[in-house]
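**Q** Provided herewith: protein23.csv, CSV, C-alpha atoms.
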```
chain,number,residue,atom,x,y,z
A,1,MET,CA,26.2,23.6,-11.7
A,2,GLN,CA,24.3,21.3,-9.3
A,3,ILE,CA,22.6,18.0,-10.2
A,4,ALA,CA,19.8,16.9,-7.8
A,5,ASP,CA,18.2,13.4,-7.8
A,6,GLY,CA,14.7,13.0,-6.3
A,7,SER,CA,15.1,9.2,-5.8
A,8,THR,CA,13.5,7.4,-2.9
A,9,LEU,CA,15.9,4.4,-3.0
A,10,PRO,CA,17.6,4.2,0.4
A,11,GLY,CA,21.3,5.1,0.3
A,12,HIS,CA,21.1,6.3,-3.3
A,13,ARG,CA,23.1,9.5,-3.7
A,14,ALA,CA,23.4,10.5,-7.4
A,15,GLY,CA,23.8,14.3,-6.9
A,16,TYR,CA,26.7,16.1,-8.4
A,17,VAL,CA,28.2,19.6,-8.0
A,18,ALA,CA,30.8,21.1,-10.3
A,19,SER,CA,32.2,24.5,-11.3
A,20,MET,CA,32.0,24.8,-15.1
A,21,GLY,CA,32.7,27.4,-17.7
A,22,GLY,CA,30.8,27.9,-20.9
A,23,ARG,CA,30.5,25.1,-23.5
A,24,LYS,CA,32.0,22.6,-21.1
A,25,ARG,CA,30.8,19.0,-20.5
A,26,ALA,CA,30.9,16.8,-17.3
A,27,THR,CA,30.1,13.2,-16.8
A,28,TRP,CA,29.8,11.2,-13.6
A,29,ARG,CA,28.7,7.7,-12.5
A,30,ALA,CA,26.6,6.8,-9.4
A,31,ARG,CA,26.4,3.3,-7.9
A,32,THR,CA,24.2,2.1,-5.1
A,33,ILE,CA,24.0,-1.2,-3.2
A,34,CYS,CA,20.3,-2.1,-2.8
A,35,LYS,CA,20.0,-3.3,0.8
A,36,GLN,CA,16.3,-2.9,1.2
A,37,ARG,CA,13.6,-4.7,-0.7
A,38,GLY,CA,10.6,-2.8,-2.0
A,39,ARG,CA,9.3,-0.6,-4.7
A,40,PHE,CA,11.2,2.7,-5.1
A,41,GLN,CA,11.4,5.7,-7.4
A,42,LEU,CA,14.5,6.8,-9.3
A,43,GLY,CA,14.6,10.4,-10.4
A,44,PRO,CA,13.6,12.9,-11.5
A,45,VAL,CA,17.1,14.3,-12.1
A,46,THR,CA,17.4,18.0,-12.5
A,47,ALA,CA,20.2,20.4,-13.2
A,48,MET,CA,20.5,23.9,-11.8
A,49,SER,CA,23.0,26.5,-12.9
A,50,GLY,CA,23.6,30.2,-12.9
A,51,ASP,CA,26.1,33.0,-12.9
A,52,PRO,CA,28.8,33.5,-10.2
A,53,PHE,CA,26.8,36.4,-8.7
A,54,GLY,CA,23.6,34.5,-8.3
A,55,LEU,CA,21.6,36.9,-10.4
A,56,PHE,CA,20.4,34.4,-13.0
A,57,ARG,CA,19.3,30.9,-12.2
A,58,ARG,CA,18.1,28.2,-14.6
A,59,ARG,CA,16.6,24.8,-13.8
A,60,VAL,CA,16.4,22.0,-16.4
A,61,MET,CA,15.0,18.5,-15.9
A,62,LEU,CA,17.4,15.9,-17.3
A,63,THR,CA,15.4,12.7,-16.8
A,64,GLY,CA,11.9,11.9,-15.5
A,65,SER,CA,11.1,9.4,-12.7
A,66,LYS,CA,11.2,5.6,-13.1
A,67,ASP,CA,10.0,2.8,-10.8
A,68,LEU,CA,12.6,0.4,-9.4
A,69,LEU,CA,11.6,-3.0,-7.8
A,70,VAL,CA,14.3,-4.4,-5.4
A,71,LEU,CA,13.7,-8.1,-5.0
A,72,PRO,CA,14.3,-9.9,-1.7
A,73,ARG,CA,17.6,-11.7,-1.1
A,74,VAL,CA,17.8,-15.4,-2.2
A,75,LEU,CA,20.4,-17.6,-0.5
A,76,ALA,CA,22.3,-20.1,-2.6
A,77,ILE,CA,21.5,-23.3,-0.8
A,78,SER,CA,22.5,-26.6,-2.2
A,79,ASN,CA,20.3,-28.8,0.0
A,80,PHE,CA,17.0,-28.5,1.9
A,81,VAL,CA,16.4,-31.5,4.2
A,82,LEU,CA,13.6,-30.3,6.5
A,83,PHE,CA,11.7,-33.5,5.9
A,84,THR,CA,12.9,-36.8,7.3
A,85,GLY,CA,14.3,-39.0,4.4
A,86,GLY,CA,14.9,-36.0,2.1
A,87,LEU,CA,12.9,-33.7,-0.1
A,88,PRO,CA,9.5,-35.3,-0.7
A,89,GLY,CA,8.4,-35.8,-4.3
A,90,ARG,CA,11.8,-35.2,-5.8
A,91,GLY,CA,12.2,-37.3,-8.9
A,92,ARG,CA,15.5,-38.9,-9.8
A,93,SER,CA,16.7,-38.6,-6.2
A,94,SER,CA,19.0,-40.8,-4.3
A,95,HIS,CA,16.1,-41.9,-2.1
A,96,ARG,CA,14.2,-44.9,-3.5
A,97,ALA,CA,10.5,-45.4,-2.8
A,98,LEU,CA,9.4,-48.4,-0.8
A,99,HIS,CA,6.3,-48.7,-2.9
A,100,PRO,CA,5.7,-48.7,-6.7
A,101,THR,CA,5.3,-45.3,-8.3
A,102,THR,CA,5.1,-44.1,-11.9
A,103,ASN,CA,8.9,-43.7,-12.0
A,104,ALA,CA,10.7,-47.0,-12.6
A,105,THR,CA,14.3,-45.8,-12.9
A,106,THR,CA,16.6,-48.8,-12.6
A,107,ILE,CA,16.8,-52.5,-11.8
A,108,ARG,CA,18.6,-54.5,-9.1
A,109,ASP,CA,19.0,-58.1,-8.0
A,110,TYR,CA,15.9,-59.7,-6.3
A,111,THR,CA,16.1,-60.0,-2.5
A,112,VAL,CA,13.8,-62.0,-0.2
A,113,GLY,CA,10.7,-60.0,0.5
A,114,ASP,CA,10.4,-58.2,-2.9
A,115,ALA,CA,6.9,-58.4,-4.4
A,116,LEU,CA,6.5,-60.6,-7.5
A,117,SER,CA,4.9,-57.6,-9.2
A,118,ARG,CA,8.2,-55.7,-9.1
A,119,ILE,CA,10.1,-58.4,-11.1
A,120,HIS,CA,11.3,-57.1,-14.4
A,121,TRP,CA,10.9,-60.3,-16.6
A,122,ARG,CA,12.9,-59.1,-19.6
A,123,SER,CA,15.9,-58.3,-17.5
A,124,THR,CA,15.5,-61.5,-15.6
A,125,ALA,CA,15.7,-63.5,-18.9
A,126,HIS,CA,18.7,-61.5,-20.1
A,127,TYR,CA,20.8,-61.9,-16.9
A,128,ASN,CA,19.4,-65.4,-16.1
A,129,ARG,CA,18.6,-64.3,-12.5
A,130,LEU,CA,15.7,-62.5,-10.9
A,131,MET,CA,15.8,-58.7,-11.3
A,132,VAL,CA,13.4,-56.3,-9.8
A,133,LYS,CA,12.5,-52.7,-10.7
A,134,GLU,CA,13.6,-49.7,-8.5
A,135,PHE,CA,11.2,-46.8,-8.2
A,136,ASP,CA,11.9,-43.1,-7.5
A,137,LEU,CA,9.8,-41.0,-5.3
A,138,ASP,CA,6.8,-39.6,-7.1
A,139,PRO,CA,7.7,-36.1,-8.5
A,140,ALA,CA,4.2,-34.9,-8.8
A,141,MET,CA,4.3,-33.3,-5.3
A,142,ASP,CA,2.9,-29.8,-4.9
A,143,ALA,CA,4.5,-27.5,-2.3
A,144,TRP,CA,2.8,-24.6,-0.6
A,145,ILE,CA,4.7,-22.0,1.4
A,146,PHE,CA,2.7,-20.1,4.0
A,147,LEU,CA,4.4,-16.9,5.3
A,148,ASP,CA,2.9,-15.5,8.5
A,149,MET,CA,3.2,-11.7,8.3
A,150,ASN,CA,0.6,-10.8,11.0
A,151,GLU,CA,2.0,-7.6,12.7
A,152,ASP,CA,1.1,-8.8,16.2
A,153,VAL,CA,3.7,-11.6,16.2
A,154,GLN,CA,6.6,-9.8,14.5
A,155,ALA,CA,9.8,-8.8,16.3
A,156,GLY,CA,13.0,-6.9,15.7
A,157,GLU,CA,13.7,-4.0,13.3
A,158,GLY,CA,15.2,-3.5,9.9
A,159,GLU,CA,17.5,-6.1,8.5
A,160,HIS,CA,17.4,-8.1,11.8
A,161,SER,CA,13.7,-8.6,12.1
A,162,THR,CA,11.4,-11.6,11.8
A,163,GLU,CA,9.8,-9.8,8.8
A,164,GLU,CA,13.0,-9.8,6.8
A,165,TYR,CA,14.2,-13.2,7.9
A,166,GLY,CA,10.8,-14.7,7.0
A,167,VAL,CA,10.8,-13.1,3.6
A,168,THR,CA,14.4,-14.3,2.9
A,169,ILE,CA,13.6,-17.8,4.0
A,170,ALA,CA,10.4,-17.9,1.9
A,171,ALA,CA,12.2,-16.6,-1.2
A,172,THR,CA,15.1,-19.1,-0.7
A,173,ILE,CA,12.9,-22.2,-0.2
A,174,ALA,CA,10.6,-21.3,-3.0
A,175,THR,CA,13.5,-20.8,-5.4
A,176,TYR,CA,15.2,-24.0,-4.4
A,177,LEU,CA,12.0,-26.1,-4.8
A,178,LEU,CA,11.1,-24.6,-8.1
A,179,ARG,CA,14.6,-25.4,-9.4
A,180,GLN,CA,13.9,-29.0,-8.3
A,181,ASP,CA,11.0,-28.9,-10.8
A,182,LEU,CA,8.3,-28.9,-8.1
A,183,SER,CA,5.1,-26.9,-8.4
A,184,VAL,CA,5.1,-24.2,-5.7
A,185,GLY,CA,2.4,-21.9,-4.5
A,186,MET,CA,2.6,-19.2,-1.8
A,187,ILE,CA,0.2,-17.6,0.7
A,188,VAL,CA,1.0,-14.6,2.8
A,189,ASN,CA,-1.3,-13.2,5.6
A,190,ALA,CA,-0.3,-9.6,5.7
A,191,GLN,CA,-2.5,-6.5,5.7
A,192,GLN,CA,-4.5,-8.4,3.1
A,193,ARG,CA,-4.2,-12.0,1.9
A,194,GLU,CA,-1.6,-12.4,-0.8
A,195,PHE,CA,-2.1,-15.5,-2.9
A,196,LEU,CA,0.0,-17.1,-5.6
A,197,SER,CA,-1.4,-20.2,-7.3
A,198,LEU,CA,0.6,-23.3,-8.0
A,199,ASP,CA,3.0,-23.2,-11.0
A,200,ARG,CA,6.6,-24.2,-11.8
A,201,GLY,CA,9.6,-22.9,-13.7
A,202,GLU,CA,11.6,-19.7,-13.8
A,203,ARG,CA,8.5,-17.6,-14.4
A,204,GLN,CA,7.1,-18.7,-11.1
A,205,ILE,CA,10.3,-17.7,-9.4
A,206,GLU,CA,9.9,-14.2,-10.8
A,207,ARG,CA,6.3,-14.1,-9.5
A,208,VAL,CA,7.3,-15.2,-6.0
A,209,LEU,CA,10.1,-12.7,-5.7
A,210,GLU,CA,8.0,-9.8,-7.1
A,211,MET,CA,5.3,-10.6,-4.5
A,212,LEU,CA,7.7,-10.9,-1.6
A,213,ALA,CA,9.5,-7.7,-2.6
A,214,VAL,CA,6.5,-5.5,-1.5
A,215,VAL,CA,4.8,-7.5,1.3
A,216,THR,CA,4.8,-5.9,4.7
A,217,PRO,CA,3.2,-7.0,8.1
A,218,GLY,CA,-0.3,-6.0,8.6
A,219,SER,CA,-3.4,-6.4,10.9
A,220,GLY,CA,-5.0,-9.1,8.7
A,221,SER,CA,-6.0,-12.6,9.8
A,222,ASP,CA,-3.9,-14.3,12.5
A,223,LEU,CA,-2.2,-17.6,11.7
A,224,LYS,CA,-5.0,-19.8,13.0
A,225,GLU,CA,-7.7,-18.1,10.9
A,226,ALA,CA,-5.5,-17.9,7.8
A,227,LEU,CA,-4.7,-21.6,7.9
A,228,ALA,CA,-8.3,-22.5,8.3
A,229,LEU,CA,-9.2,-20.3,5.4
A,230,ASP,CA,-6.7,-21.9,3.0
A,231,ALA,CA,-6.7,-25.5,4.3
A,232,PHE,CA,-8.7,-26.6,1.2
A,233,HIS,CA,-5.7,-26.0,-1.0
A,234,PHE,CA,-3.7,-28.7,0.7
A,235,GLY,CA,-4.4,-32.2,-0.7
A,236,ARG,CA,-2.8,-35.5,0.1
A,237,ASN,CA,-0.2,-35.0,-2.5
A,238,THR,CA,0.9,-31.7,-0.9
A,239,VAL,CA,3.7,-30.3,1.2
A,240,ALA,CA,2.8,-27.3,3.4
A,241,ILE,CA,5.7,-25.3,4.9
A,242,VAL,CA,4.7,-22.7,7.5
A,243,ILE,CA,7.1,-19.8,8.3
A,244,THR,CA,6.1,-18.0,11.4
A,245,PRO,CA,7.5,-16.2,14.6
A,246,SER,CA,4.3,-17.0,16.5
A,247,THR,CA,4.7,-18.7,19.9
A,248,SER,CA,1.0,-19.3,20.3
A,249,ARG,CA,-0.5,-22.8,20.4
A,250,ASP,CA,-3.8,-21.9,18.9
A,251,TRP,CA,-2.7,-22.7,15.3
A,252,HIS,CA,-1.1,-26.1,16.1
A,253,GLU,CA,-4.4,-28.0,15.8
A,254,SER,CA,-4.8,-26.7,12.2
A,255,LEU,CA,-1.4,-28.3,11.3
A,256,ARG,CA,-2.3,-31.5,13.0
A,257,HIS,CA,-5.6,-31.6,11.1
A,258,LEU,CA,-3.7,-31.2,7.8
A,259,GLN,CA,-1.3,-34.0,8.9
A,260,ARG,CA,-4.3,-36.3,9.6
A,261,ARG,CA,-5.5,-35.6,6.1
A,262,GLY,CA,-2.2,-36.8,4.6
A,263,VAL,CA,-0.6,-33.5,4.0
A,264,GLN,CA,3.2,-33.4,4.8
A,265,VAL,CA,3.6,-30.4,7.1
A,266,ALA,CA,6.7,-28.6,8.3
A,267,VAL,CA,7.4,-25.4,10.3
A,268,VAL,CA,10.1,-22.8,10.1
A,269,GLY,CA,9.9,-21.2,13.6
A,270,LEU,CA,11.5,-17.8,13.9
A,271,ASP,CA,12.6,-17.3,17.6
A,272,ALA,CA,10.9,-13.9,18.2
A,273,ALA,CA,12.5,-13.4,21.6
A,274,SER,CA,16.1,-13.5,20.1
A,275,PHE,CA,15.1,-10.6,17.9
A,276,GLU,CA,14.3,-8.5,20.9
A,277,ASP,CA,17.2,-9.6,23.1
A,278,GLU,CA,14.8,-11.1,25.6
A,279,PRO,CA,14.9,-14.4,27.5
A,280,PRO,CA,13.6,-17.4,25.4
A,281,ASP,CA,9.9,-17.9,25.3
A,282,GLU,CA,8.3,-21.3,26.1
A,283,ASP,CA,9.2,-23.7,23.3
A,284,THR,CA,5.7,-24.4,22.0
A,285,LEU,CA,7.1,-25.8,18.8
A,286,SER,CA,8.2,-28.9,20.7
A,287,LEU,CA,4.5,-29.9,20.9
A,288,LEU,CA,4.5,-30.0,17.1
A,289,GLU,CA,7.6,-32.2,17.1
A,290,GLY,CA,5.9,-34.5,19.5
A,291,ALA,CA,3.2,-34.9,16.8
A,292,GLY,CA,5.8,-35.9,14.2
A,293,ILE,CA,5.9,-32.5,12.5
A,294,PRO,CA,9.4,-31.4,11.4
A,295,VAL,CA,10.5,-28.0,12.9
A,296,LEU,CA,13.4,-25.8,11.9
A,297,ARG,CA,14.2,-23.1,14.5
A,298,VAL,CA,15.9,-19.9,13.4
A,299,LYS,CA,17.4,-17.3,15.8
A,300,CYS,CA,18.4,-13.7,15.1
A,301,LYS,CA,21.8,-13.3,13.5
A,302,ALA,CA,22.0,-17.1,12.8
A,303,SER,CA,23.4,-18.3,9.5
A,304,LEU,CA,20.2,-18.9,7.4
A,305,THR,CA,22.1,-20.9,4.8
A,306,GLU,CA,23.4,-23.3,7.5
A,307,ALA,CA,20.0,-23.5,9.1
A,308,LEU,CA,18.2,-24.5,5.9
A,309,GLU,CA,20.9,-27.0,4.8
A,310,GLN,CA,21.5,-28.8,8.1
A,311,ASP,CA,19.9,-32.1,8.8
A,312,PRO,CA,16.8,-31.7,11.1
A,313,GLU,CA,18.0,-34.3,13.7
A,314,ALA,CA,21.4,-32.7,14.0
A,315,ARG,CA,19.8,-29.3,14.3
A,316,TYR,CA,17.4,-30.4,17.0
A,317,ALA,CA,20.2,-32.1,19.0
A,318,ARG,CA,22.3,-28.8,18.9
A,319,TRP,CA,19.2,-26.8,20.0
A,320,ARG,CA,18.7,-28.9,23.0
```
Could you spell out this file's structure in structure tokens?

**A**
Amino acid sequence: MQIADGSTLPGHRAGYVASMGGRKRATWRARTICKQRGRFQLGPVTAMSGDPFGLFRRRVMLTGSKDLLVLPRVLAISNFVLFTGGLPGRGRSSHRALHPTTNATTIRDYTVGDALSRIHWRSTAHYNRLMVKEFDLDPAMDAWIFLDMNEDVQAGEGEHSTEEYGVTIAATIATYLLRQDLSVGMIVNAQQREFLSLDRGERQIERVLEMLAVVTPGSGSDLKEALALDAFHFGRNTVAIVITPSTSRDWHESLRHLQRRGVQVAVVGLDAASFEDEPPDEDTLSLLEGAGIPVLRVKCKASLTEALEQDPEARYARWR
């Protein structure tokens, strides 16, 4: 008896061959490690048997085909400090706002220079000394993740490619921010524009991972054009994180324009040359750093968890 599996999942081998007599039963178990994201087919599974002389053959379908969606990898990061001073808009954080917000979380002793409007009079009367209110950063911050999947700027192949690194980083950052109770949206410029509107919670994590599972590089808009098209989504109370391997300068002005509008902008730059074992390209991202835009550089075979968790200033010093 021979069992054949028509699955398209890479590395999946569920076939089985056995010599069996009449009225016998056989069981087997197949396990596969899913190393490649995407949409695949499991089955159909068919059984073929016959007599020892090959005179009679019979083919029976055991199961039909089923779709399988393999989600991208999500790294378990405990911190993401791409922005100076910590994650913007994170309520109940250890970073206190220097201006009043809607979140008065605690009180402290008055110090010279505190505004009279921040004095908490009930606590002042209770403790018989001046007490002022402490504010958390405003949690109503929206985060947009922009993943550049234009095929002209991608480098590397397979697991070690800017495509897969970019998808993993986008999935990891989105999952982390959503679990900090931020609203997150995502835009991908691939063969066609992929757009996921702002939302929060576990359901949004599922939407993000399902979208990233199937995106592939394409000949759609380049980064400059894509940023110009979607700039209206980014308001003053917005964080925009751009993930790209592009070494061009033509999209820098779009980010500086967003910055002038009050959008907090950051860039995750994938070092395309390192994915092709070529000499480093001109560090055009340093121009963005000169404009006050935080930049995280990622090389091929670098630890993504370490890169995402490390303080930006320490990371920049090591890069230099």

**Q** Given the point (27.9, 30.7, -20.6) in the file's coordinates, find the residues that have an atom at most 9 Å from it, counting only C-alpha atoms, and give them as an mmCIF file with C-alpha atoms, in the coordinates of the input.

**A**
```cif
data_model
loop_
_atom_site.group_PDB
_atom_site.id
_atom_site.type_symbol
_atom_site.label_atom_id
_atom_site.label_comp_id
_atom_site.auth_asym_id
_atom_site.auth_seq_id
_atom_site.Cartn_x
_atom_site.Cartn_y
_atom_site.Cartn_z
ATOM 1 C CA GLY A 21 32.700 27.400 -17.700
ATOM 2 C CA GLY A 22 30.800 27.900 -20.900
ATOM 3 C CA ARG A 23 30.500 25.100 -23.500
ATOM 4 C CA GLY A 50 23.600 30.200 -12.900
ATOM 5 C CA ASP A 51 26.100 33.000 -12.900
#
```

**Q** Show me the residues around (10.7, -16.0, -9.1) - criterion: an atom at most 10 Å away, all atoms listed in the file counted - as JSON, numbers by chain.

**A** {"A": [71, 74, 171, 172, 174, 175, 178, 200, 201, 202, 203, 204, 205, 206, 207, 208, 209, 210, 211, 212]}

**Q** What separation in Å, quoted to one decimal, exists between CA of Gly290 (chain A) and CA of Glu276 (chain A)?

**A**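 CA of Gly290 (chain A) sits 27.4 Å away from CA of Glu276 (chain A).
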
**Q** Counting all atoms listed in the file, figure out which residue out of A:Asp5, A:Asp148, A:Glu253, A:Asp114 gets nearest to Val167 (chain A).

**A**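 Checking each of A:Asp5, A:Asp148, A:Glu253, A:Asp114 against Val167 (chain A), counting all atoms listed in the file, the winner is A:Asp148.
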
**Q** Any idea what the distance is between CA of Thr63 (chain A) and CA of Gly11 (chain A)?

**A**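 Computing the Euclidean distance for CA of Thr63 (chain A) and CA of Gly11 (chain A) yields 19.6 Å.
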
**Q** Calculate how many Å separate CA of Gln36 (chain A) from CA of Ile3 (chain A), rounding to one decimal.

**A**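 Answer for the CA of Gln36 (chain A) to CA of Ile3 (chain A) separation: 24.6 Å.
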
**Q** Pick out the closest residue to Thr284 (chain A) from this set: A:Arg108, A:Val268, A:Ile241, A:Arg249. Count all atoms listed in the file.

**A**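 Among the listed residues, A:Arg249 lies closest to Thr284 (chain A).
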
**Q** Quick one: of A:Leu255, A:Leu198, A:Ala30, A:Leu62, who's nearest to Val45 (chain A), counting only C-alpha atoms?

**A**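 Checking each of A:Leu255, A:Leu198, A:Ala30, A:Leu62 against Val45 (chain A), counting only C-alpha atoms, the winner is A:Leu62.
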
**Q** Would you mind telling me which residue in A:Val188, A:Ile145, A:Ala240, A:Ala155 lies nearest to Asp222 (chain A) when using only C-alpha atoms?

**A**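 So, comparing all the options, the nearest one is A:Val188.
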
**Q** Go through A:Leu258, A:Leu270, A:Leu182, A:Val239 one by one, measure the shortest atom-to-atom distance of each to Ala291 (chain A) using all atoms listed in the file, and give the residue with the smallest value.

**A**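 Ranked by minimum distance to Ala291 (chain A), first place goes to A:Leu258.
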
**Q** So, counting all atoms listed in the file, which residue among A:Ser117, A:Ser219, A:Val263, A:Ala190 is closest to Phe232 (chain A)?

**A**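 Closest to Phe232 (chain A), using all atoms listed in the file: A:Val263.
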
**Q** Please provide the set of residues having any atom within 9 Å of Ile119 (chain A), restricted to only C-alpha atoms, with same-chain residues fewer than 5 positions apart removed, written as a PyMOL selection string.

**A** chain A and resi 107+110+114+124+130-133

**Q** Would you list the contacts of region 12-18 of chain A as a list in words, taking every protein, DNA or RNA residue within 10 Å and counting all atoms listed in the file, but skipping same-chain residues closer than 4 positions in sequence?

**A**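 Close residues of region 12-18 of chain A: Met1, Gln2, Ile3, Ala4, Asp5, Gly6, Ser7, Thr8, Ala26, Thr27, Trp28, Arg29, Ala30, Arg31, Thr32, Ile33, Cys34, Leu42, Gly43, Val45, Thr46, Ala47, Met48 and Ser49 of chain A.
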